[in-house]
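The structure under discussion appears below in the form of structure tokens.
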Amino acid sequence: MAESFRSFMTLALDEARAAAARGEVPVGAVIVKTGRVIAAAGNRTRQDADPTAHAEMLAIREAAAKLGSERLAGCDLYVTLEPCAMCAGAIAAARIARLYYGAEDPKSGGVAHGARVFDHPQAHHAPEVYGGIGEAEAAALLRDFFSVKR
């Protein structure tokens, strides 16, 4: 019998809320393999003083360490915001099978907007991409976070 789809976006949203509570841009990511969460992270760019400490990058690093491989074949990534070009490049390099993201990012996105990394001829790998998963809640978290900052 075929395995039915289960979204792990609620866990990514939890990571995003935790990031916001730390004063970080509320983006969360979860990596799943065979129905089991193997990594989860929220943005930590300010906390770590690291411009590459995006939720996706941190989750990819954690998953690679747990699996003992730079290749995350068969893994799914759930992230609350369309990945930027840097993160999309890392997703391609890691060979992640499926990307599920919440809110679109017309300003800094690198998947459906901007660089469109997976559409580029130099992309070594392109995951299956599904946008709009949990979009309303993800967009509201970002909108609320930035409305306080402005």
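Letters A, B, ... go to the chains of the structure tokens in the order shown; residues in each chain start at 1; ligands are counted from 1 in the same order.
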
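Proximity to stretch 17-24 of chain A at 9 Å, evaluated using only C-alpha atoms and with sequence-adjacent residues fewer than 4 positions away removed, yields A:Ala12, A:Leu13, A:Gly28, A:Ala41, A:Gly42, A:Asn43, A:Arg44, A:Thr45, A:Arg46, A:Gln47, A:Leu141, A:Leu142, A:Phe145.
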
Would you list the contacts of stretch 32-37 of chain A as a PDB file with C-alpha atoms, in the first residue's frame, taking every protein, DNA or RNA residue within 7 Å and counting only C-alpha atoms, but skipping same-chain residues closer than 3 positions in sequence?
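File written: selection-v3.pdb
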```pdb
ATOM      1  CA  GLY A  74      15.404  10.504  -0.126  1.00  0.00           C
ATOM      2  CA  CYS A  75      14.994  13.428   2.288  1.00  0.00           C
ATOM      3  CA  ASP A  76      12.242  16.029   2.239  1.00  0.00           C
ATOM      4  CA  LEU A  77      12.750  19.623   3.376  1.00  0.00           C
TER       5      LEU A  77
END
```

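Ranking A:Met86, A:Val111, A:Val79, A:Ile96 by their shortest atom-to-atom distance to A:Ala53, with only C-alpha atoms included, puts A:Met86 first.
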
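Compared by their closest atoms to A:Lys149, and using only C-alpha atoms, the residues A:Val25, A:Ala65, A:Ala115, A:Ile60 rank with A:Val25 nearest.
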
Residues of chain A in helix (DSSP H, G or I), written as a ChimeraX atom specification: /A:9-21,45-48,55-67,85-94,117-119,135-149

Spatial neighbours of A:Tyr100, 6 Å, only C-alpha atoms, chain gap at least 6 places, as a VMD selection string: chain A and resid 78 130 to 131

Could you turn the residues from that selection into a file that holds N, CA and C atoms, as a PDB file, in the first residue's frame?
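Result file is part22.pdb:
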```
ATOM      1  N   TYR A  78      11.032  20.771   4.599  1.00  0.00           N
ATOM      2  CA  TYR A  78       9.888  21.650   4.811  1.00  0.00           C
ATOM      3  C   TYR A  78      10.440  22.951   5.372  1.00  0.00           C
ATOM      4  N   TYR A 130       7.136  22.070  -4.044  1.00  0.00           N
ATOM      5  CA  TYR A 130       5.732  22.302  -3.731  1.00  0.00           C
ATOM      6  C   TYR A 130       5.648  23.550  -2.868  1.00  0.00           C
ATOM      7  N   GLY A 131       5.130  24.629  -3.424  1.00  0.00           N
ATOM      8  CA  GLY A 131       4.992  25.875  -2.677  1.00  0.00           C
ATOM      9  C   GLY A 131       3.602  26.038  -2.104  1.00  0.00           C
TER      10      GLY A 131
END
```

Would you pick out the contacts of A:Pro83 at 8 Å or less, using only C-alpha atoms, so that residues sharing its chain but fewer than 4 positions from it are not included, and give the list as a short mmCIF file (atom, residue, chain, number, x, y, z; two decimals) with N, CA, C and O atoms, in the first residue's frame?
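New file selection-v2.cif:
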```cif
data_model
loop_
_atom_site.label_atom_id
_atom_site.label_comp_id
_atom_site.auth_asym_id
_atom_site.auth_seq_id
_atom_site.Cartn_x
_atom_site.Cartn_y
_atom_site.Cartn_z
N GLU A 56 17.33 26.62 6.71
CA GLU A 56 17.59 25.51 5.79
C GLU A 56 19.03 25.02 5.91
O GLU A 56 19.28 23.81 5.93
N VAL A 79 10.15 24.07 4.72
CA VAL A 79 10.63 25.37 5.19
C VAL A 79 9.50 26.38 5.04
O VAL A 79 8.72 26.33 4.09
N CYS A 87 20.45 29.10 -0.11
CA CYS A 87 19.85 27.88 0.42
C CYS A 87 19.42 26.93 -0.70
O CYS A 87 19.57 25.72 -0.58
N ALA A 88 18.91 27.49 -1.79
CA ALA A 88 18.53 26.65 -2.93
C ALA A 88 19.76 25.93 -3.47
O ALA A 88 19.68 24.74 -3.82
N TYR A 101 7.63 24.45 0.65
CA TYR A 101 7.80 25.74 1.33
C TYR A 101 6.46 26.44 1.49
O TYR A 101 5.51 26.17 0.77
N ASP A 105 8.68 34.39 -1.54
CA ASP A 105 9.56 35.51 -1.22
C ASP A 105 9.96 36.23 -2.51
O ASP A 105 11.04 35.97 -3.06
N GLY A 109 13.65 35.42 -2.75
CA GLY A 109 13.52 34.00 -3.06
C GLY A 109 14.43 33.59 -4.20
O GLY A 109 14.78 34.41 -5.06
N GLY A 110 14.81 32.32 -4.19
CA GLY A 110 15.69 31.80 -5.23
C GLY A 110 15.13 30.58 -5.92
O GLY A 110 15.85 29.90 -6.65
N VAL A 111 13.85 30.28 -5.68
CA VAL A 111 13.23 29.09 -6.27
C VAL A 111 12.20 29.50 -7.32
O VAL A 111 12.37 29.23 -8.50
#
```

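Residues of stretch 42-105 of chain A that DSSP, applied to the backbone, places in strand (DSSP E or B): A:Gly42, A:Cys75, A:Asp76, A:Leu77, A:Tyr78, A:Val79, A:Thr80, A:Leu81, A:Arg98, A:Leu99, A:Tyr100, A:Tyr101, A:Gly102, A:Ala103.
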
Just write the chosen residues, all heavy atoms, as a tab-separated table (two decimals), in the first residue's frame.
```tsv
chain	number	residue	atom	x	y	z
A	42	GLY	N	15.64	26.76	13.25
A	42	GLY	CA	15.10	28.07	12.93
A	42	GLY	C	16.28	28.98	12.64
A	42	GLY	O	17.42	28.66	13.01
A	75	CYS	N	15.46	12.53	1.22
A	75	CYS	CA	14.99	13.43	2.29
A	75	CYS	C	14.08	14.51	1.73
A	75	CYS	O	14.22	14.94	0.58
A	75	CYS	CB	16.18	14.10	2.97
A	75	CYS	SG	17.17	12.98	3.97
A	76	ASP	N	13.15	14.93	2.56
A	76	ASP	CA	12.24	16.03	2.24
A	76	ASP	C	12.57	17.20	3.16
A	76	ASP	O	12.85	17.00	4.35
A	76	ASP	CB	10.79	15.63	2.47
A	76	ASP	CG	10.34	14.46	1.62
A	76	ASP	OD1	10.97	14.20	0.58
A	76	ASP	OD2	9.35	13.81	2.00
A	77	LEU	N	12.52	18.41	2.60
A	77	LEU	CA	12.75	19.62	3.38
A	77	LEU	C	11.47	20.43	3.40
A	77	LEU	O	10.89	20.73	2.35
A	77	LEU	CB	13.89	20.45	2.76
A	77	LEU	CG	14.10	21.85	3.31
A	77	LEU	CD1	14.49	21.82	4.78
A	77	LEU	CD2	15.16	22.58	2.50
A	78	TYR	N	11.03	20.77	4.60
A	78	TYR	CA	9.89	21.65	4.81
A	78	TYR	C	10.44	22.95	5.37
A	78	TYR	O	11.14	22.94	6.39
A	78	TYR	CB	8.90	21.05	5.83
A	78	TYR	CG	8.21	19.82	5.33
A	78	TYR	CD1	8.83	18.58	5.37
A	78	TYR	CD2	6.92	19.90	4.80
A	78	TYR	CE1	8.19	17.45	4.90
A	78	TYR	CE2	6.27	18.77	4.33
A	78	TYR	CZ	6.92	17.55	4.39
A	78	TYR	OH	6.29	16.43	3.92
A	79	VAL	N	10.15	24.07	4.72
A	79	VAL	CA	10.63	25.37	5.19
A	79	VAL	C	9.50	26.38	5.04
A	79	VAL	O	8.72	26.33	4.09
A	79	VAL	CB	11.93	25.79	4.46
A	79	VAL	CG1	11.72	25.94	2.97
A	79	VAL	CG2	12.53	27.04	5.07
A	80	THR	N	9.41	27.29	5.98
A	80	THR	CA	8.28	28.21	6.03
A	80	THR	C	8.34	29.33	5.00
A	80	THR	O	7.34	29.97	4.74
A	80	THR	CB	8.15	28.82	7.44
A	80	THR	OG1	9.36	29.51	7.77
A	80	THR	CG2	7.86	27.74	8.47
A	81	LEU	N	9.51	29.57	4.40
A	81	LEU	CA	9.67	30.64	3.42
A	81	LEU	C	10.43	30.10	2.22
A	81	LEU	O	11.36	29.29	2.38
A	81	LEU	CB	10.45	31.80	4.04
A	81	LEU	CG	10.71	33.03	3.17
A	81	LEU	CD1	9.39	33.72	2.80
A	81	LEU	CD2	11.62	34.01	3.90
A	98	ARG	N	12.61	16.35	-2.16
A	98	ARG	CA	11.42	17.19	-2.26
A	98	ARG	C	11.55	18.40	-1.35
A	98	ARG	O	11.98	18.27	-0.20
A	98	ARG	CB	10.16	16.40	-1.90
A	98	ARG	CG	9.71	15.42	-2.99
A	98	ARG	CD	8.69	14.41	-2.51
A	98	ARG	NE	9.28	13.49	-1.53
A	98	ARG	CZ	10.05	12.44	-1.86
A	98	ARG	NH1	10.31	12.17	-3.10
A	98	ARG	NH2	10.55	11.66	-0.93
A	99	LEU	N	11.14	19.55	-1.87
A	99	LEU	CA	11.12	20.80	-1.12
A	99	LEU	C	9.68	21.26	-1.00
A	99	LEU	O	8.98	21.40	-2.01
A	99	LEU	CB	11.94	21.87	-1.86
A	99	LEU	CG	11.76	23.31	-1.38
A	99	LEU	CD1	12.26	23.49	0.05
A	99	LEU	CD2	12.47	24.27	-2.33
A	100	TYR	N	9.25	21.48	0.23
A	100	TYR	CA	7.93	22.03	0.51
A	100	TYR	C	8.16	23.37	1.21
A	100	TYR	O	8.84	23.40	2.24
A	100	TYR	CB	7.14	21.11	1.45
A	100	TYR	CG	6.93	19.72	0.92
A	100	TYR	CD1	7.83	18.70	1.20
A	100	TYR	CD2	5.82	19.42	0.13
A	100	TYR	CE1	7.63	17.41	0.71
A	100	TYR	CE2	5.62	18.13	-0.36
A	100	TYR	CZ	6.53	17.14	-0.06
A	100	TYR	OH	6.33	15.87	-0.54
A	101	TYR	N	7.63	24.45	0.65
A	101	TYR	CA	7.80	25.74	1.33
A	101	TYR	C	6.46	26.44	1.49
A	101	TYR	O	5.51	26.17	0.77
A	101	TYR	CB	8.84	26.62	0.64
A	101	TYR	CG	8.47	27.18	-0.71
A	101	TYR	CD1	7.72	28.35	-0.83
A	101	TYR	CD2	8.88	26.55	-1.88
A	101	TYR	CE1	7.39	28.87	-2.06
A	101	TYR	CE2	8.56	27.07	-3.12
A	101	TYR	CZ	7.82	28.23	-3.20
A	101	TYR	OH	7.50	28.75	-4.43
A	102	GLY	N	6.43	27.33	2.47
A	102	GLY	CA	5.21	28.05	2.81
A	102	GLY	C	5.02	29.31	2.00
A	102	GLY	O	4.51	29.28	0.88
A	103	ALA	N	5.48	30.43	2.54
A	103	ALA	CA	5.29	31.73	1.91
A	103	ALA	C	6.27	31.94	0.76
A	103	ALA	O	7.42	31.50	0.82
A	103	ALA	CB	5.47	32.84	2.95
```

Nearest residue to A:Ala55 from the set A:Arg95, A:Cys84, A:Val117, A:Phe146 (distances using only C-alpha atoms): A:Cys84

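Coordinates place atom CA of A:Ala123 at a distance of 29.3 Å from atom CA of A:Thr10.
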
Closest of A:Arg71, A:Asp144, A:His113, A:Lys107 to A:His125 - atom-to-atom distances counting only C-alpha atoms: A:Arg71

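Nearest residue to A:Gly114 among A:Met9, A:Leu67, A:Ala85, A:Met57 is A:Ala85, counting only C-alpha atoms.
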
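Closest approach to A:Pro127 among A:Ala40, A:Ala90, A:Ala49, A:Leu11: A:Ala90, based on only C-alpha atoms.
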
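Relative to atom CA of A:His124, atom CA of A:Ala97 is found at 12.6 Å.
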
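In this model, the gap between atom CA of A:Ala63 and atom CA of A:Arg143 comes to 29.2 Å.
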